[in-house]
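Here's input.pdb, which has PDB, C-alpha atoms:
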```
ATOM      1  CA  MET D 161      12.094 -18.447 -12.058
ATOM      2  CA  THR D 162      14.048 -17.211  -9.068
ATOM      3  CA  VAL D 163      15.106 -13.652  -8.485
ATOM      4  CA  ARG D 164      18.636 -14.630  -7.476
ATOM      5  CA  GLY D 165      20.806 -17.185  -9.225
ATOM      6  CA  ASP D 166      22.682 -19.532  -6.887
ATOM      7  CA  PRO D 167      21.958 -18.171  -3.423
ATOM      8  CA  PRO D 168      24.787 -17.719  -0.945
ATOM      9  CA  TYR D 169      24.777 -20.029   2.036
ATOM     10  CA  GLY D 170      21.723 -19.411   4.204
ATOM     11  CA  LYS D 171      19.880 -17.355   1.561
ATOM     12  CA  VAL D 172      16.557 -18.621   0.249
ATOM     13  CA  PRO D 173      15.903 -17.845  -3.430
ATOM     14  CA  MET D 174      12.609 -16.056  -4.088
ATOM     15  CA  SER D 175      10.533 -16.565  -7.211
ATOM     16  CA  VAL D 176       9.236 -13.560  -9.077
ATOM     17  CA  GLN D 177       5.721 -14.655  -8.112
ATOM     18  CA  MET D 178       6.626 -14.701  -4.396
ATOM     19  CA  VAL D 179       8.014 -11.179  -4.648
ATOM     20  CA  LEU D 180       5.109  -9.786  -6.653
ATOM     21  CA  LEU D 181       2.199 -11.409  -4.809
ATOM     22  CA  PRO D 182       2.143  -8.834  -1.966
ATOM     23  CA  VAL D 183       2.322  -6.080  -4.597
ATOM     24  CA  PHE D 184      -0.718  -7.525  -6.372
ATOM     25  CA  VAL D 185      -2.585  -7.755  -3.061
ATOM     26  CA  GLN D 186      -1.786  -4.086  -2.316
ATOM     27  CA  VAL D 187      -2.969  -3.122  -5.797
ATOM     28  CA  GLY D 188      -6.146  -5.132  -5.118
ATOM     29  CA  LEU D 189      -6.745  -3.112  -1.954
ATOM     30  CA  THR D 190      -6.372   0.099  -3.953
ATOM     31  CA  PHE D 191      -8.897  -1.036  -6.566
ATOM     32  CA  ALA D 192     -11.312  -2.246  -3.863
ATOM     33  CA  LEU D 193     -11.194   1.190  -2.241
ATOM     34  CA  LEU D 194     -11.673   2.864  -5.645
ATOM     35  CA  ILE D 195     -14.771   0.766  -6.302
ATOM     36  CA  GLY D 196     -16.060   1.438  -2.781
ATOM     37  CA  MET D 197     -15.532   5.149  -3.277
ATOM     38  CA  VAL D 198     -17.395   5.109  -6.596
ATOM     39  CA  PHE D 199     -20.381   3.293  -5.063
ATOM     40  CA  ALA D 200     -20.438   5.557  -1.987
ATOM     41  CA  ARG D 201     -20.327   8.702  -4.101
ATOM     42  CA  ARG D 202     -22.887   7.410  -6.583
ATOM     43  CA  LYS D 203     -25.250   6.547  -3.729
ATOM     44  CA  THR D 204     -25.134  10.115  -2.397
ATOM     45  CA  LEU D 205     -25.724  11.551  -5.878
ATOM     46  CA  VAL D 206     -28.661   9.229  -6.619
ATOM     47  CA  SER D 207     -30.256   9.896  -3.220
ATOM     48  CA  GLY D 208     -29.894  13.646  -3.733
ATOM     49  CA  GLU D 209     -27.808  14.030  -0.579
ATOM     50  CA  THR D 210     -25.059  15.488  -2.769
ATOM     51  CA  LYS D 211     -25.751  17.755  -5.728
ATOM     52  CA  ILE D 212     -23.562  17.745  -8.831
ATOM     53  CA  ARG D 213     -23.073  21.506  -8.555
ATOM     54  CA  ASP D 214     -21.583  21.010  -5.080
ATOM     55  CA  ILE D 215     -18.774  18.753  -6.312
ATOM     56  CA  ALA D 216     -18.429  19.634 -10.023
ATOM     57  CA  LEU D 217     -15.162  21.539  -9.579
ATOM     58  CA  GLY D 218     -13.637  19.067  -7.141
ATOM     59  CA  GLU D 219     -14.995  20.708  -4.009
ATOM     60  CA  PRO D 220     -14.824  18.405  -0.978
ATOM     61  CA  ASN D 221     -18.591  18.377  -0.396
ATOM     62  CA  TRP D 222     -19.145  14.650  -0.038
ATOM     63  CA  PRO D 223     -20.828  13.226   3.072
ATOM     64  CA  LYS D 224     -18.709  11.655   5.814
ATOM     65  CA  ASP D 225     -18.798   8.022   4.598
ATOM     66  CA  ALA D 226     -17.930   8.892   1.007
ATOM     67  CA  THR D 227     -15.188  11.235   2.214
ATOM     68  CA  GLN D 228     -13.656   8.539   4.452
ATOM     69  CA  ILE D 229     -13.452   6.016   1.630
ATOM     70  CA  GLY D 230     -12.191   8.666  -0.794
ATOM     71  CA  ASN D 231      -9.474   9.780   1.613
ATOM     72  CA  CYS D 232      -8.451   6.173   2.257
ATOM     73  CA  TYR D 233      -8.241   5.568  -1.498
ATOM     74  CA  ARG D 234      -6.130   8.707  -1.985
ATOM     75  CA  ASN D 235      -3.881   7.530   0.856
ATOM     76  CA  GLN D 236      -2.938   4.480  -1.242
ATOM     77  CA  PHE D 237      -0.906   6.825  -3.451
ATOM     78  CA  GLU D 238       1.229   8.117  -0.615
ATOM     79  CA  LEU D 239       3.219   5.589   1.467
ATOM     80  CA  PRO D 240       2.599   2.591  -0.843
ATOM     81  CA  VAL D 241       4.408   4.422  -3.662
ATOM     82  CA  LEU D 242       7.658   3.913  -1.724
ATOM     83  CA  PHE D 243       6.777   0.209  -1.414
ATOM     84  CA  TYR D 244       6.206  -0.097  -5.162
ATOM     85  CA  ALA D 245       9.470   1.719  -5.888
ATOM     86  CA  LEU D 246      11.414  -0.596  -3.584
ATOM     87  CA  ILE D 247      10.044  -3.735  -5.206
ATOM     88  CA  ALA D 248      10.542  -2.256  -8.682
ATOM     89  CA  LEU D 249      14.224  -1.764  -7.828
ATOM     90  CA  ALA D 250      14.860  -4.895  -5.770
ATOM     91  CA  LEU D 251      13.349  -7.314  -8.262
ATOM     92  CA  PRO D 252      15.442  -6.587 -11.380
ATOM     93  CA  LEU D 253      18.562  -5.964  -9.270
ATOM     94  CA  ARG D 254      18.084  -9.418  -7.732
ATOM     95  CA  HIS D 255      17.980  -8.191  -4.155
ATOM     96  CA  ALA D 256      14.458  -9.357  -3.343
ATOM     97  CA  ASP D 257      15.105 -12.089  -0.789
ATOM     98  CA  LEU D 258      13.124 -13.747   1.987
ATOM     99  CA  PHE D 259      13.429 -10.687   4.258
ATOM    100  CA  ILE D 260      11.997  -8.402   1.551
ATOM    101  CA  VAL D 261       9.126 -10.802   0.832
ATOM    102  CA  LEU D 262       8.233 -11.307   4.503
ATOM    103  CA  MET D 263       8.393  -7.601   5.255
ATOM    104  CA  SER D 264       6.316  -6.918   2.131
ATOM    105  CA  TRP D 265       3.565  -9.080   3.596
ATOM    106  CA  VAL D 266       3.820  -7.311   6.953
ATOM    107  CA  PHE D 267       3.578  -3.962   5.177
ATOM    108  CA  VAL D 268       0.544  -5.058   3.132
ATOM    109  CA  VAL D 269      -1.207  -6.458   6.220
ATOM    110  CA  ALA D 270      -0.570  -3.122   7.959
ATOM    111  CA  ARG D 271      -2.081  -1.304   4.956
ATOM    112  CA  PHE D 272      -5.187  -3.501   5.126
ATOM    113  CA  ALA D 273      -5.514  -2.874   8.857
ATOM    114  CA  HIS D 274      -5.017   0.860   8.301
ATOM    115  CA  ALA D 275      -7.671   0.901   5.563
ATOM    116  CA  GLY D 276     -10.051  -1.105   7.745
ATOM    117  CA  VAL D 277      -9.832   1.412  10.561
ATOM    118  CA  PHE D 278      -9.906   4.334   8.115
ATOM    119  CA  VAL D 279     -13.196   3.329   6.457
ATOM    120  CA  SER D 280     -14.929   2.089   9.627
ATOM    121  CA  SER D 281     -14.409   3.738  13.005
ATOM    122  CA  ASN D 282     -11.714   6.101  11.718
ATOM    123  CA  ASP D 283     -10.225   6.024  15.225
ATOM    124  CA  LEU D 284      -7.272   8.342  14.678
ATOM    125  CA  GLY D 285      -5.227   6.829  17.518
ATOM    126  CA  ARG D 286      -5.500   3.271  16.169
ATOM    127  CA  ARG D 287      -5.161   4.416  12.575
ATOM    128  CA  SER D 288      -1.995   6.404  13.365
ATOM    129  CA  THR D 289      -0.438   3.505  15.270
ATOM    130  CA  ILE D 290      -1.063   1.113  12.391
ATOM    131  CA  TRP D 291       0.208   3.674   9.893
ATOM    132  CA  LEU D 292       3.396   4.124  11.926
ATOM    133  CA  ALA D 293       3.909   0.347  12.029
ATOM    134  CA  GLY D 294       3.713   0.288   8.230
ATOM    135  CA  VAL D 295       6.138   3.209   7.980
ATOM    136  CA  LEU D 296       8.657   1.461  10.241
ATOM    137  CA  VAL D 297       8.399  -1.792   8.293
ATOM    138  CA  LEU D 298       8.911   0.045   5.009
ATOM    139  CA  LEU D 299      11.806   2.031   6.465
ATOM    140  CA  ALA D 300      13.449  -1.215   7.612
ATOM    141  CA  MET D 301      12.976  -2.635   4.115
ATOM    142  CA  TRP D 302      14.611   0.411   2.517
ATOM    143  CA  ILE D 303      17.528   0.393   4.965
ATOM    144  CA  TYR D 304      18.064  -3.327   4.392
ATOM    145  CA  PHE D 305      17.905  -2.862   0.615
ATOM    146  CA  ALA D 306      20.309   0.094   0.711
ATOM    147  CA  LEU D 307      22.785  -1.829   2.866
ATOM    148  CA  ARG D 308      22.593  -4.823   0.540
ATOM    149  CA  MET D 309      23.197  -2.587  -2.469
ATOM    150  CA  LEU D 310      25.981  -0.498  -0.963
ATOM    151  CA  LEU D 311      27.712  -2.996   1.316
ATOM    152  CA  VAL D 312      26.754  -6.223  -0.403
ATOM    153  CA  ILE D 313      25.429  -7.897   2.759
TER     154      ILE D 313
END
```

Entire entry expressed as structure tokens:
Amino acid sequence: MTVRGDPPYGKVPMSVQMVLLPVFVQVGLTFALLIGMVFARRKTLVSGETKIRDIALGEPNWPKDATQIGNCYRNQFELPVLFYALIALALPLRHADLFIVLMSWVFVVARFAHAGVFVSSNDLGRRSTIWLAGVLVLLAMWIYFALRMLLVI
């Protein structure tokens, strides 16, 4: 099933699967970070490094590694929400074309790179640069989508 009916000259029709695959990969990253966070936190509780009373009310008293993974997981509910919203609009409105799919993959790769730096070295300079690249890709996607919707390009 393609997202667009008969494509205009030069437009490549995208299947629903092609449009949704990067979304599923991004969701997979989110679940992987959730599982990593659970294991990291459980490890500190079992070892006694963290006491239940120190985190029972949501206090941020986790050790560095568990905090890094937890913060990276939480970050998946910030910028990626705009990605999910764009795809959720573009798909049923039949404006998910090759540009949207390619940029979706670039965005998801940037999110993986960002998460990799976040949970390893946490080098703020590299992490910020990768984050900005993802922001710019997503901004370009939104501008393109808005222009297609408003100006029918």

Handout entry: Contacts of Leu193 (chain D) within 8 Å, all atoms listed in the file, excl. fewer than 5 positions in-chain, as a PyMOL selection string
Key = chain D and resi 229-230+232-233

Handout entry: Among the residues D:Ser281, D:Ser264, D:Thr210, D:Gln186, the one that comes closest to Ala226 (chain D) [using all atoms listed in the file]
Key =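 Checking each candidate against Ala226 (chain D), we get D:Thr210 as the closest.
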
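Taking CA of Gln236 (chain D) as the reference point, CA of His274 (chain D) is found at 10.4 Å.
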
Practice task
Convert the output of the PyMOL selection byres ((chain D and resi 261) around 9) on the shown file into explicit residues, formatted as a list in words.
Solution key: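 Going through the file, the PyMOL selection byres ((chain D and resi 261) around 9) ends up selecting Met174, Met178, Val179, Leu180, Leu181, Pro182, Ala256, Asp257, Leu258, Phe259, Ile260, Leu262, Met263, Ser264, Trp265 and Val266 of chain D.
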
Store the residues picked out above in a file with C-alpha atoms, as a short mmCIF file (atom, residue, chain, number, x, y, z; two decimals), keeping the file's coordinate frame.
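Written file, part31.cif:
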```cif
data_model
loop_
_atom_site.label_atom_id
_atom_site.label_comp_id
_atom_site.auth_asym_id
_atom_site.auth_seq_id
_atom_site.Cartn_x
_atom_site.Cartn_y
_atom_site.Cartn_z
CA MET D 174 12.61 -16.06 -4.09
CA MET D 178 6.63 -14.70 -4.40
CA VAL D 179 8.01 -11.18 -4.65
CA LEU D 180 5.11 -9.79 -6.65
CA LEU D 181 2.20 -11.41 -4.81
CA PRO D 182 2.14 -8.83 -1.97
CA ALA D 256 14.46 -9.36 -3.34
CA ASP D 257 15.10 -12.09 -0.79
CA LEU D 258 13.12 -13.75 1.99
CA PHE D 259 13.43 -10.69 4.26
CA ILE D 260 12.00 -8.40 1.55
CA LEU D 262 8.23 -11.31 4.50
CA MET D 263 8.39 -7.60 5.26
CA SER D 264 6.32 -6.92 2.13
CA TRP D 265 3.56 -9.08 3.60
CA VAL D 266 3.82 -7.31 6.95
#
```

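The residues returned by the PyMOL selection byres ((chain D and resi 290-297) around 9) for this structure are Leu239, Met263, Ser264, Val266, Phe267, Val268, Val269, Ala270, Arg271, Ala273, His274, Val277, Gly285, Arg286, Arg287, Ser288, Thr289, Leu298, Leu299, Ala300, Met301 and Trp302 of chain D.
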
Practice task
Compare D:Ile303, D:Leu189, D:Ser175, D:Ile212 by their minimum atom-to-atom distance to Pro240 (chain D), counting only C-alpha atoms, and give me the closest one.
Solution key: D:Leu189

Problem - Separation of CA of Arg234 (chain D) from CA of Phe191 (chain D), in Å and rounded to one decimal - result: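 Taking CA of Arg234 (chain D) and CA of Phe191 (chain D), their separation equals 11.1 Å.
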
Problem - Shortest interatomic distance to Gly188 (chain D) - which of D:Ala245, D:Phe272, D:Asn231, D:Ala250, counting only C-alpha atoms - result: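 For Gly188 (chain D), the nearest of the candidates is D:Phe272.
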
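Taking CA of Arg201 (chain D) and CA of Ser280 (chain D) as endpoints, the distance between them is 16.2 Å.
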
Practice task
Can you work out which one of D:Pro220, D:Gly208, D:Pro173, D:Gly276 has the shortest atom-to-atom distance to Ala192 (chain D), counting only C-alpha atoms?
Solution key: D:Gly276

Exercise for the section: Name the residues in contact with Met309 (chain D) at a cut-off of 9 Å, using only C-alpha atoms, excluding same-chain residues fewer than 4 positions from it; report them as a list of chain:residue names. Expected result: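 Listed by chain and then number, they are D:Leu253, D:His255, D:Tyr304, D:Phe305, D:Ile313.
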
Those selected residues, please, written with C-alpha atoms and delivered as a short mmCIF file (atom, residue, chain, number, x, y, z; two decimals), keeping the file's coordinate frame.
```
data_model
loop_
_atom_site.label_atom_id
_atom_site.label_comp_id
_atom_site.auth_asym_id
_atom_site.auth_seq_id
_atom_site.Cartn_x
_atom_site.Cartn_y
_atom_site.Cartn_z
CA LEU D 253 18.56 -5.96 -9.27
CA HIS D 255 17.98 -8.19 -4.16
CA TYR D 304 18.06 -3.33 4.39
CA PHE D 305 17.90 -2.86 0.62
CA ILE D 313 25.43 -7.90 2.76
#
```

Would you compute the box with edges along x, y and z of the file around region 243-246 of chain D, including every atom the file lists for it and 5 Å extra on each side, and give its centre and edge lengths in Å to one decimal, as AutoDock Vina command-line options?
```
--center_x 8.8 --center_y 0.6 --center_z -3.7 --size_x 15.2 --size_y 12.3 --size_z 14.5
```

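Shortest atom-to-atom contact with Gly196 (chain D) among D:Leu217, D:Val279, D:Leu310, D:Ile247: D:Val279, counting all atoms listed in the file.
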